[in-house]
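Participant: For reference, the file input37.csv (CSV, C-alpha atoms and all ligand atoms) is included below:
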```csv
chain,number,residue,atom,x,y,z
A,245,MET,CA,15.4,11.6,-34.4
A,246,ASN,CA,16.6,8.0,-34.4
A,247,TYR,CA,14.8,6.7,-31.4
A,248,ARG,CA,11.7,4.5,-32.0
A,249,HIS,CA,9.9,3.3,-28.9
A,250,ALA,CA,8.5,0.3,-30.8
A,251,PHE,CA,11.8,-1.5,-30.2
A,252,HIS,CA,11.4,-1.1,-26.4
A,253,ALA,CA,7.7,-1.1,-25.8
A,254,GLY,CA,6.7,-3.3,-22.8
A,255,ASN,CA,10.3,-3.7,-21.6
A,256,PHE,CA,11.2,-3.7,-17.9
A,257,ALA,CA,11.7,0.1,-17.9
A,258,ASP,CA,8.2,0.6,-19.4
A,259,VAL,CA,6.7,-1.6,-16.7
A,260,VAL,CA,8.3,0.4,-13.9
A,261,LYS,CA,7.4,3.7,-15.5
A,262,HIS,CA,3.8,2.7,-16.3
A,263,ALA,CA,3.2,1.1,-12.9
A,264,VAL,CA,4.3,4.4,-11.2
A,265,LEU,CA,2.2,6.5,-13.7
A,266,THR,CA,-0.9,4.4,-13.1
A,267,ARG,CA,-0.6,4.8,-9.3
A,268,ILE,CA,-0.4,8.6,-9.7
A,269,VAL,CA,-3.4,8.7,-12.0
A,270,GLU,CA,-5.4,6.5,-9.5
A,271,HIS,CA,-4.6,8.9,-6.7
A,272,LEU,CA,-5.8,11.8,-8.9
A,273,LYS,CA,-9.1,9.9,-9.3
A,274,ALA,CA,-9.7,9.9,-5.6
A,275,LYS,CA,-11.3,13.3,-5.9
A,276,GLU,CA,-14.2,14.1,-8.2
A,277,LYS,CA,-12.5,17.3,-9.6
A,278,ALA,CA,-11.2,16.9,-13.1
A,279,PHE,CA,-7.5,16.6,-13.8
A,280,ARG,CA,-5.2,16.7,-16.9
A,281,VAL,CA,-2.3,14.4,-17.9
A,282,ILE,CA,0.3,16.1,-20.1
A,283,ASP,CA,2.6,13.6,-21.8
A,284,THR,CA,5.5,15.6,-23.3
A,285,HIS,CA,7.1,12.6,-25.1
A,286,ALA,CA,4.1,10.5,-25.8
A,287,GLY,CA,5.3,8.0,-28.4
A,288,ARG,CA,2.6,6.4,-30.7
A,289,GLY,CA,0.2,5.1,-28.2
A,290,LEU,CA,-0.2,1.4,-28.9
A,291,TYR,CA,2.5,-1.1,-29.9
A,292,ASP,CA,2.3,-4.3,-31.8
A,293,LEU,CA,4.5,-6.8,-30.0
A,294,THR,CA,4.3,-9.2,-32.9
A,295,GLY,CA,5.6,-6.5,-35.2
A,296,GLU,CA,9.1,-6.3,-36.7
A,297,GLU,CA,10.6,-3.8,-34.3
A,298,ALA,CA,9.4,-5.5,-31.1
A,299,GLY,CA,10.3,-8.8,-32.6
A,300,ARG,CA,13.9,-7.8,-33.3
A,301,THR,CA,14.7,-7.0,-29.7
A,302,GLY,CA,12.1,-9.1,-27.8
A,303,GLU,CA,12.6,-6.8,-24.8
A,304,TRP,CA,8.9,-7.1,-23.8
A,305,ARG,CA,9.5,-10.8,-23.1
A,306,ASP,CA,11.7,-9.7,-20.1
A,307,GLY,CA,9.2,-7.0,-19.2
A,308,ILE,CA,5.4,-7.2,-19.3
A,309,ALA,CA,5.4,-10.9,-20.3
A,310,ARG,CA,7.1,-11.8,-17.0
A,311,LEU,CA,4.5,-9.9,-15.0
A,312,LEU,CA,1.1,-10.2,-16.7
A,313,ASP,CA,0.2,-13.7,-15.5
A,314,ALA,CA,2.6,-14.0,-12.6
A,315,PRO,CA,1.2,-14.8,-9.1
A,316,LEU,CA,1.6,-11.6,-7.1
A,317,PRO,CA,1.4,-10.9,-3.3
A,318,ALA,CA,-2.1,-9.5,-2.5
A,319,ASP,CA,-1.0,-5.9,-1.8
A,320,ALA,CA,1.1,-5.6,-4.9
A,321,ALA,CA,-1.7,-7.3,-7.0
A,322,ALA,CA,-4.2,-4.8,-5.8
A,323,LEU,CA,-2.0,-1.8,-6.5
A,324,LEU,CA,-0.9,-3.1,-9.9
A,325,ALA,CA,-4.4,-4.1,-11.0
A,326,PRO,CA,-5.4,-0.8,-12.8
A,327,TYR,CA,-2.2,-1.1,-14.9
A,328,LEU,CA,-2.4,-4.8,-15.6
A,329,ASP,CA,-6.1,-4.5,-16.4
A,330,ALA,CA,-5.3,-1.8,-19.0
A,331,VAL,CA,-2.8,-4.1,-20.6
A,332,ARG,CA,-5.2,-7.0,-20.6
A,333,ALA,CA,-7.9,-4.8,-22.1
A,334,GLU,CA,-5.6,-4.4,-25.2
A,335,ASN,CA,-5.3,-8.2,-25.4
A,336,PRO,CA,-8.8,-9.5,-25.2
A,337,ASP,CA,-7.9,-12.9,-26.5
A,338,GLY,CA,-5.3,-13.5,-23.7
A,339,GLY,CA,-1.5,-13.4,-23.8
A,340,VAL,CA,0.3,-10.2,-24.7
A,341,ARG,CA,0.4,-9.2,-28.3
A,342,ALA,CA,-0.2,-5.5,-27.9
A,343,TYR,CA,1.2,-3.0,-25.4
A,344,PRO,CA,-0.3,0.3,-24.4
A,345,GLY,CA,2.2,3.1,-24.3
A,346,SER,CA,1.6,6.0,-21.9
A,347,PRO,CA,-1.2,7.9,-23.9
A,348,ALA,CA,-3.1,4.7,-24.5
A,349,LEU,CA,-2.7,3.6,-20.9
A,350,VAL,CA,-3.7,7.0,-19.5
A,351,ARG,CA,-6.7,7.2,-21.8
A,352,ARG,CA,-8.1,3.9,-20.4
A,353,LEU,CA,-7.8,5.3,-16.8
A,354,LEU,CA,-9.5,8.7,-17.4
A,355,ARG,CA,-13.0,9.4,-16.2
A,356,ARG,CA,-15.4,11.5,-18.3
A,357,GLN,CA,-14.3,14.8,-16.8
A,358,ASP,CA,-10.5,14.2,-17.2
A,359,ARG,CA,-8.3,15.2,-20.1
A,360,LEU,CA,-5.0,14.1,-21.8
A,361,THR,CA,-2.6,16.2,-23.8
A,362,ALA,CA,-0.2,14.0,-25.8
A,363,VAL,CA,2.8,15.8,-27.3
A,364,GLU,CA,5.1,14.0,-29.8
A,365,LEU,CA,7.7,15.3,-32.1
A,366,HIS,CA,8.3,12.4,-34.5
A,367,PRO,CA,5.9,13.0,-37.4
A,368,GLU,CA,4.9,9.3,-37.9
A,369,ASP,CA,4.2,8.8,-34.2
A,370,ALA,CA,2.3,12.1,-33.9
A,371,ALA,CA,0.2,11.1,-36.9
A,372,ALA,CA,-0.5,7.6,-35.4
A,373,LEU,CA,-1.6,9.4,-32.2
A,374,ARG,CA,-3.9,11.7,-34.2
A,375,VAL,CA,-5.5,8.7,-35.9
A,376,ARG,CA,-5.9,6.8,-32.7
A,377,PHE,CA,-7.6,9.7,-30.8
A,378,ALA,CA,-9.5,11.2,-33.7
A,379,GLY,CA,-12.9,12.5,-32.5
A,380,ASP,CA,-12.0,11.9,-28.8
A,381,ILE,CA,-12.9,15.1,-27.1
A,382,GLN,CA,-10.9,14.1,-24.0
A,383,VAL,CA,-7.6,13.9,-25.8
A,384,ARG,CA,-5.6,16.6,-27.5
A,385,VAL,CA,-2.7,15.5,-29.7
A,386,ILE,CA,0.0,18.0,-30.4
A,387,HIS,CA,2.9,17.6,-32.9
A,388,LEU,CA,5.5,19.7,-31.1
A,389,ASP,CA,8.8,19.6,-29.2
A,390,GLY,CA,7.8,18.3,-25.8
A,391,TRP,CA,10.3,20.6,-24.1
A,392,LEU,CA,8.4,23.6,-25.4
A,393,SER,CA,5.1,22.3,-24.1
A,394,LEU,CA,6.6,22.5,-20.6
A,395,GLY,CA,6.4,26.3,-21.1
A,396,ALA,CA,3.4,26.6,-23.4
A,397,HIS,CA,0.9,24.2,-21.8
A,398,LEU,CA,1.4,24.9,-18.1
A,399,PRO,CA,-0.5,25.3,-15.9
A,400,PRO,CA,-3.5,23.4,-17.4
A,401,LYS,CA,-6.9,25.0,-16.9
A,402,GLU,CA,-7.9,22.1,-14.6
A,403,ARG,CA,-5.0,23.1,-12.2
A,404,ARG,CA,-4.8,19.5,-11.2
A,405,GLY,CA,-2.8,16.7,-12.8
A,406,VAL,CA,0.5,15.2,-13.8
A,407,VAL,CA,3.1,16.0,-16.4
A,408,LEU,CA,5.0,12.9,-17.7
A,409,VAL,CA,8.4,13.7,-19.1
A,410,ASP,CA,9.8,10.6,-20.8
A,411,PRO,CA,12.5,11.7,-23.4
A,412,PRO,CA,14.5,9.1,-25.4
A,413,PHE,CA,17.9,10.0,-23.9
A,414,GLU,CA,19.5,9.6,-27.3
A,415,GLU,CA,21.4,12.9,-27.0
A,416,THR,CA,24.0,13.9,-24.5
A,417,GLY,CA,22.8,16.5,-22.1
A,418,GLU,CA,19.3,15.0,-21.6
A,419,PHE,CA,19.7,15.0,-17.8
A,420,GLY,CA,20.5,18.7,-17.8
A,421,ARG,CA,17.5,19.4,-20.1
A,422,ILE,CA,15.2,17.5,-17.6
A,423,VAL,CA,16.5,19.6,-14.7
A,424,SER,CA,16.2,22.9,-16.5
A,425,GLY,CA,12.8,21.9,-18.0
A,426,LEU,CA,11.5,20.9,-14.7
A,427,ALA,CA,12.7,24.1,-13.0
A,428,ARG,CA,10.9,26.1,-15.7
A,429,ALA,CA,7.7,24.1,-15.5
A,430,HIS,CA,7.7,24.2,-11.7
A,431,ARG,CA,7.9,28.0,-11.7
A,432,ARG,CA,4.9,28.1,-14.0
A,433,TRP,CA,2.9,25.5,-12.1
A,434,PRO,CA,4.4,24.7,-8.6
A,435,GLY,CA,1.4,22.6,-7.5
A,436,GLY,CA,1.6,20.1,-10.4
A,437,ILE,CA,2.8,16.5,-10.1
A,438,TYR,CA,5.8,15.8,-12.4
A,439,ALA,CA,6.9,12.3,-13.3
A,440,LEU,CA,10.2,12.2,-15.0
A,441,TRP,CA,11.8,9.0,-16.3
A,442,TYR,CA,15.5,8.5,-16.5
A,443,PRO,CA,17.9,5.6,-17.4
A,444,ILE,CA,20.2,4.0,-15.0
A,445,LYS,CA,23.1,3.4,-17.3
A,446,ASP,CA,25.8,5.8,-16.3
A,447,ARG,CA,26.1,6.0,-12.5
A,448,LYS,CA,28.1,9.2,-12.6
A,449,ALA,CA,25.5,11.0,-14.7
A,450,VAL,CA,22.7,9.7,-12.4
A,451,ASP,CA,24.5,10.9,-9.3
A,452,GLY,CA,25.0,14.4,-10.9
A,453,PHE,CA,21.4,14.5,-11.9
A,454,ARG,CA,20.2,13.7,-8.3
A,455,LYS,CA,22.5,16.4,-6.9
A,456,ASP,CA,21.2,19.0,-9.4
A,457,LEU,CA,17.6,18.1,-8.4
A,458,GLN,CA,18.5,18.5,-4.7
A,459,ALA,CA,19.9,21.9,-5.4
A,460,SER,CA,16.9,23.0,-7.5
A,461,GLY,CA,15.0,24.5,-4.7
A,462,ILE,CA,12.0,22.2,-5.4
A,463,ALA,CA,10.6,21.0,-2.1
A,464,LYS,CA,9.1,17.6,-2.6
A,465,ILE,CA,11.1,15.1,-4.8
A,466,LEU,CA,10.8,11.4,-4.6
A,467,ASP,CA,13.3,9.2,-6.4
A,468,ILE,CA,12.5,5.7,-7.5
A,469,GLU,CA,15.0,3.1,-8.8
A,470,LEU,CA,14.7,-0.4,-10.0
A,471,THR,CA,17.8,-2.2,-11.3
A,472,ILE,CA,17.7,-5.6,-13.1
A,473,ARG,CA,21.4,-6.3,-12.6
A,474,PRO,CA,24.5,-4.8,-10.9
A,475,THR,CA,26.2,-1.9,-12.7
A,476,SER,CA,27.6,-3.2,-16.0
A,477,GLU,CA,31.3,-2.6,-17.0
A,478,THR,CA,30.3,-1.0,-20.3
A,479,PRO,CA,27.3,1.3,-20.3
A,480,ARG,CA,24.0,-0.7,-20.6
A,481,LEU,CA,20.5,0.0,-19.4
A,482,ASP,CA,20.8,-1.6,-15.9
A,483,GLY,CA,17.8,0.1,-14.4
A,484,SER,CA,14.8,2.3,-14.7
A,485,GLY,CA,14.6,5.5,-12.6
A,486,MET,CA,11.7,7.9,-11.9
A,487,ILE,CA,11.6,11.2,-10.2
A,488,VAL,CA,8.2,12.3,-8.9
A,489,VAL,CA,7.8,15.9,-7.8
A,490,ASN,CA,4.8,16.6,-5.5
A,491,PRO,CA,4.0,12.9,-5.2
A,492,PRO,CA,0.5,12.0,-4.0
A,493,TYR,CA,0.2,11.2,-0.3
A,494,ARG,CA,1.5,7.6,0.4
A,495,LEU,CA,2.8,7.0,-3.1
A,496,ASP,CA,6.1,6.2,-1.5
A,497,ASP,CA,4.5,3.5,0.7
A,498,GLU,CA,2.7,2.0,-2.3
A,499,LEU,CA,5.9,1.8,-4.3
A,500,LYS,CA,7.6,0.1,-1.4
A,501,ALA,CA,4.9,-2.6,-1.7
A,502,ILE,CA,5.1,-2.9,-5.4
A,503,LEU,CA,8.9,-2.6,-6.2
A,504,PRO,CA,10.2,-5.7,-4.4
A,505,THR,CA,7.8,-7.9,-6.5
A,506,LEU,CA,8.7,-6.1,-9.7
A,507,ALA,CA,12.5,-6.3,-8.8
A,508,GLU,CA,12.2,-10.1,-8.3
A,509,LEU,CA,10.1,-10.7,-11.5
A,510,LEU,CA,12.2,-8.5,-13.8
A,511,SER,CA,15.7,-9.4,-12.5
A,512,GLN,CA,18.2,-10.5,-15.1
A,513,ALA,CA,21.1,-11.2,-12.8
A,514,SER,CA,21.6,-11.3,-9.1
A,515,GLY,CA,22.6,-8.0,-7.6
A,516,GLY,CA,19.8,-5.8,-8.9
A,517,GLY,CA,17.3,-4.2,-6.6
A,518,TRP,CA,15.1,-1.3,-5.8
A,519,ARG,CA,15.0,1.9,-3.8
A,520,VAL,CA,12.4,4.6,-2.9
A,521,GLU,CA,14.0,7.7,-1.4
A,522,TRP,CA,13.2,11.3,-0.9
A,523,LEU,CA,15.7,13.6,-2.5
A,524,ARG,CA,14.0,16.5,-0.8
A,525,ARG,CA,11.1,16.4,1.5
A,526,GLU,CA,9.4,19.6,2.8
A,527,GLN,CA,9.5,19.8,6.5
A,528,SER,CA,6.0,20.1,8.0
A,529,SER,CA,5.9,23.1,10.4
A,601,LIG,C1,10.6,6.9,-24.5
A,601,LIG,S1,9.6,7.3,-25.8
A,601,LIG,C2,8.1,7.7,-25.1
A,601,LIG,C3,7.3,6.5,-24.6
A,601,LIG,C4,6.0,6.9,-24.0
A,601,LIG,N1,6.1,8.0,-23.1
A,601,LIG,C5,5.4,5.7,-23.3
A,601,LIG,O1,5.6,5.6,-22.0
A,601,LIG,O2,4.8,4.8,-23.9
A,601,LIG,C6,10.2,8.9,-26.2
A,601,LIG,C7,9.4,9.5,-27.3
A,601,LIG,O3,9.8,10.9,-27.5
A,601,LIG,C8,9.8,11.3,-28.8
A,601,LIG,N2,10.6,12.5,-28.9
A,601,LIG,C9,11.9,12.6,-29.1
A,601,LIG,N3,12.3,13.9,-29.0
A,601,LIG,C10,11.2,14.6,-28.7
A,601,LIG,C11,10.9,16.0,-28.4
A,601,LIG,N4,11.8,16.9,-28.4
A,601,LIG,N5,9.6,16.3,-28.1
A,601,LIG,C12,8.6,15.4,-28.1
A,601,LIG,N6,8.8,14.1,-28.4
A,601,LIG,C13,10.1,13.7,-28.7
A,601,LIG,C14,10.3,10.1,-29.6
A,601,LIG,O4,9.8,10.1,-30.9
A,601,LIG,C15,9.6,8.9,-28.7
A,601,LIG,O5,8.4,8.6,-29.3
```
Go ahead and express the file in the form of C-alpha cells.
Facilitator:
Amino acid sequence: MNYRHAFHAGNFADVVKHAVLTRIVEHLKAKEKAFRVIDTHAGRGLYDLTGEEAGRTGEWRDGIARLLDAPLPADAAALLAPYLDAVRAENPDGGVRAYPGSPALVRRLLRRQDRLTAVELHPEDAAALRVRFAGDIQVRVIHLDGWLSLGAHLPPKERRGVVLVDPPFEETGEFGRIVSGLARAHRRWPGGIYALWYPIKDRKAVDGFRKDLQASGIAKILDIELTIRPTSETPRLDGSGMIVVNPPYRLDDELKAILPTLAELLSQASGGGWRVEWLRREQSS
C-alpha cells in the first residue's frame, strides 16, 4: 500500500468528491429518521496542509484554497455552504491549514441519531482514525479491507444512508473491482445510495467503466464529471468523476448549479468542463 492521501488532501478531486458527498448527506437529513454513512476507504480523517506531504505537492492550493474565499453565485454558495462551513470549522483562525477528509467532514454533518462507519486498511491511517474518534459513540472505525465491508456491513441496521467507495486507484483493475463490488453491495442493499469516486486519467478505461455500469442491471445511475484541462497526451489526472447510484431527488439539478462554478474556479487550462448525465434512469410507469 503505497498510496497516502496526505499528498493529495484538498486537491480539486477532493473538492468535487466532498461537495457531492455533502449534498447527499444534506438530503438524507431532510427526514428525521436516522441514517448511516459507510466510508469504505476512509483515509486518516484530518490532514495538515502545512505538513511535509501536502507541502511537497501543494495540490490543495489548486483545490480548496481556490474555492474557500471565492465569491460564488448565490445558488452555488447556498448549496456548497455545508461543505465550506465544515472546512472553515477546521480552520477557526481563517485561511486553510487543515482539511477534513471524508470521515471528518461527514462527522461534522451528522445529527445525534446518525452514524458513521469508517473503514481503512492502512494501519497508520486506521490508528489515526481510532484516536480521532475515540469515545465517539456515533462513529465506528474498522481496520479492514474496504472491499470486504461491502459484503460484511450491508445493509446497515438503519436501512438508510450512503456508501462512499473511494479507492486509491494505485492498482490496475480498480475500475473492475468497483463494478463487481457495487454489484455485490447492490444485491445486498438495493435501496442504498452509493457514491463511487473515479479518476479521469485514461479515457478508454473510463468509457469501459461506464459501459460496464450500464450493463450492470442497476436502475438509477448518475455520472458526474469535472475536468480541469483537456485530455493529456500522457496519462495525468485530468478530472474527477463520481458515480451516484440511487441519487437523492434533484441531486442532478443541484450539481448542475454547482459544477459550472467549480469548473471555472478549479480549471488549470482552457478546455476543461463538467457534465452530469444519467447512465441509467429507471422509467417511471
Ligand atoms: C483516496 S484515499 C481516501 C480519501 C478519503 N475517502 C477522503 O475522501 O478523505 C484512499 C484510502 O484508501 C486506503 N486503502 C487502500 N486500499 C484499501 C482497502 N483495500 N481497503 C480500505 N482502505 C484502503 C488508503 O490507505 C487511503 O487512505
Participant: Calculated over only C-alpha atoms and all ligand atoms, which of the candidates A:Tyr343, A:Phe279, A:Tyr327, A:Phe453 has the smallest distance to ligand LIG 601 (chain A)?
Facilitator: A:Tyr343
Participant: When the cut-off is 6 Å and you count all atoms listed in the file, which residues lie near ligand LIG 601 (chain A), shown as a compact mmCIF listing (two decimals) with C-alpha atoms, keeping the file's coordinate frame?
Facilitator:
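What follows is the written file result_36.txt:
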```
# COMPACT_ATOMS: atom_id res chain seq x y z
CA TYR A 247 14.80 6.70 -31.40
CA ARG A 248 11.70 4.50 -32.00
CA HIS A 249 9.90 3.30 -28.90
CA THR A 284 5.50 15.60 -23.30
CA HIS A 285 7.10 12.60 -25.10
CA ALA A 286 4.10 10.50 -25.80
CA GLY A 287 5.30 8.00 -28.40
CA GLY A 345 2.20 3.10 -24.30
CA SER A 346 1.60 6.00 -21.90
CA VAL A 363 2.80 15.80 -27.30
CA GLU A 364 5.10 14.00 -29.80
CA LEU A 365 7.70 15.30 -32.10
CA HIS A 366 8.30 12.40 -34.50
CA ASP A 389 8.80 19.60 -29.20
CA GLY A 390 7.80 18.30 -25.80
CA TRP A 391 10.30 20.60 -24.10
CA ASP A 410 9.80 10.60 -20.80
CA PRO A 411 12.50 11.70 -23.40
CA PRO A 412 14.50 9.10 -25.40
```
Participant: Kindly give the distance, in Å, that separates atom CA of Val385 of chain A and atom CA of Pro344 of chain A, rounded to a single decimal.
Facilitator: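 So the two atoms, atom CA of Val385 of chain A and atom CA of Pro344 of chain A, lie 16.3 Å apart.
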Participant: Give the answer as one residue: which of A:Arg310, A:Lys455, A:Arg519, A:Arg305 has the shortest atom-to-atom distance to Ser484 of chain A, using all atoms listed in the file?
Facilitator: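 Selected residue with least distance to Ser484 of chain A: A:Arg519.
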Participant: Calculated over only C-alpha atoms, which of the candidates A:Ala321, A:Leu328, A:Leu457, A:Ile268 has the smallest distance to Arg494 of chain A?
Facilitator: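 Under the stated criterion, the closest residue is A:Ile268.
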Participant: Any idea what's packed within 7 Å of segment 511-516 of chain A, counting all atoms listed in the file, ignoring anything in its chain fewer than 3 positions away? Could you give it as an mmCIF file with C-alpha atoms, in the coordinates of the input?
Facilitator:
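Produced file part-v5.cif, reproduced below:
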```
data_model
loop_
_atom_site.group_PDB
_atom_site.id
_atom_site.type_symbol
_atom_site.label_atom_id
_atom_site.label_comp_id
_atom_site.auth_asym_id
_atom_site.auth_seq_id
_atom_site.Cartn_x
_atom_site.Cartn_y
_atom_site.Cartn_z
ATOM 1 C CA THR A 471 17.800 -2.200 -11.300
ATOM 2 C CA ILE A 472 17.700 -5.600 -13.100
ATOM 3 C CA ARG A 473 21.400 -6.300 -12.600
ATOM 4 C CA PRO A 474 24.500 -4.800 -10.900
ATOM 5 C CA ALA A 507 12.500 -6.300 -8.800
ATOM 6 C CA GLU A 508 12.200 -10.100 -8.300
#
```
Participant: Taking into account all atoms listed in the file, which residue in the set A:Val520, A:Val259, A:Val281, A:Ile465 is nearest to Arg351 of chain A?
Facilitator: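 Closest to Arg351 of chain A of all the choices is A:Val281.
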Participant: Between A:Arg447, A:Glu418, A:Asp306, A:Val269, single out the one closest to Pro491 of chain A, counting all atoms listed in the file.
Facilitator: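 Going through A:Arg447, A:Glu418, A:Asp306, A:Val269 one by one, the smallest distance to Pro491 of chain A is for A:Val269.
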Participant: Calculate how many Å separate atom CA of Ala333 of chain A from atom CA of Trp518 of chain A, rounding to one decimal.
Facilitator: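 Spanning atom CA of Ala333 of chain A to atom CA of Trp518 of chain A is a straight-line distance of 28.4 Å.
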Participant: What is the atom CA of Pro492 of chain A to atom CA of Arg404 of chain A distance in Å?
Facilitator: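 Taking atom CA of Pro492 of chain A as the start and atom CA of Arg404 of chain A as the end point, the length is 11.7 Å.
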Participant: For Leu353 of chain A, which residue among A:Thr266, A:Thr416, A:Thr301, A:Thr475 is the nearest when counting all atoms listed in the file?
Facilitator: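 Distance minimum relative to Leu353 of chain A lands on A:Thr266.
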Participant: Considering all atoms listed in the file, give me a table of residues in segment 271-389 of chain A that are at most 12 Å from segment 251-254 of chain A, with the closest atom pair and distance in Å for each, as a tab-separated table.
Facilitator:
```
residue	atom	partner	partner_atom	distance
A:Gly287	CA	A:Ala253	CA	9.8
A:Arg288	CA	A:Ala253	CA	10.3
A:Gly289	CA	A:Ala253	CA	10.0
A:Leu290	CA	A:Ala253	CA	8.8
A:Tyr291	CA	A:Ala253	CA	6.6
A:Asp292	CA	A:Ala253	CA	8.7
A:Leu293	CA	A:Ala253	CA	7.8
A:Thr294	CA	A:Phe251	CA	11.1
A:Gly295	CA	A:Phe251	CA	9.4
A:Glu296	CA	A:Phe251	CA	8.5
A:Glu297	CA	A:Phe251	CA	4.9
A:Ala298	CA	A:Phe251	CA	4.8
A:Gly299	CA	A:Phe251	CA	7.8
A:Arg300	CA	A:Phe251	CA	7.3
A:Thr301	CA	A:Phe251	CA	6.2
A:Gly302	CA	A:Phe251	CA	8.0
A:Glu303	CA	A:His252	CA	6.0
A:Trp304	CA	A:Gly254	CA	4.5
A:Arg305	CA	A:Gly254	CA	8.0
A:Asp306	CA	A:Gly254	CA	8.6
A:Gly307	CA	A:Gly254	CA	5.7
A:Ile308	CA	A:Gly254	CA	5.4
A:Ala309	CA	A:Gly254	CA	8.1
A:Arg310	CA	A:Gly254	CA	10.3
A:Leu311	CA	A:Gly254	CA	10.5
A:Leu312	CA	A:Gly254	CA	10.8
A:Leu328	CA	A:Gly254	CA	11.7
A:Val331	CA	A:Gly254	CA	9.8
A:Val340	CA	A:Gly254	CA	9.6
A:Arg341	CA	A:Gly254	CA	10.2
A:Ala342	CA	A:Gly254	CA	8.9
A:Tyr343	CA	A:Gly254	CA	6.1
A:Pro344	CA	A:Gly254	CA	8.0
A:Gly345	CA	A:Ala253	CA	7.1
A:Ser346	CA	A:Ala253	CA	10.1
A:Leu349	CA	A:Gly254	CA	11.8
```
Participant: Which residues come within 10 Å of segment 426-434 of chain A, counting only C-alpha atoms, excluding same-chain residues fewer than 2 positions away, as a PyMOL selection string?
Facilitator: chain A and resi 391-400+403-404+407+409+420-424+436-440+457+460-463+489-490
Participant: Applying 10 Å and only C-alpha atoms, which residues near Leu360 of chain A remain after dropping the ones on its own chain fewer than 2 positions away? List them as a count of residues only.
Facilitator: 21
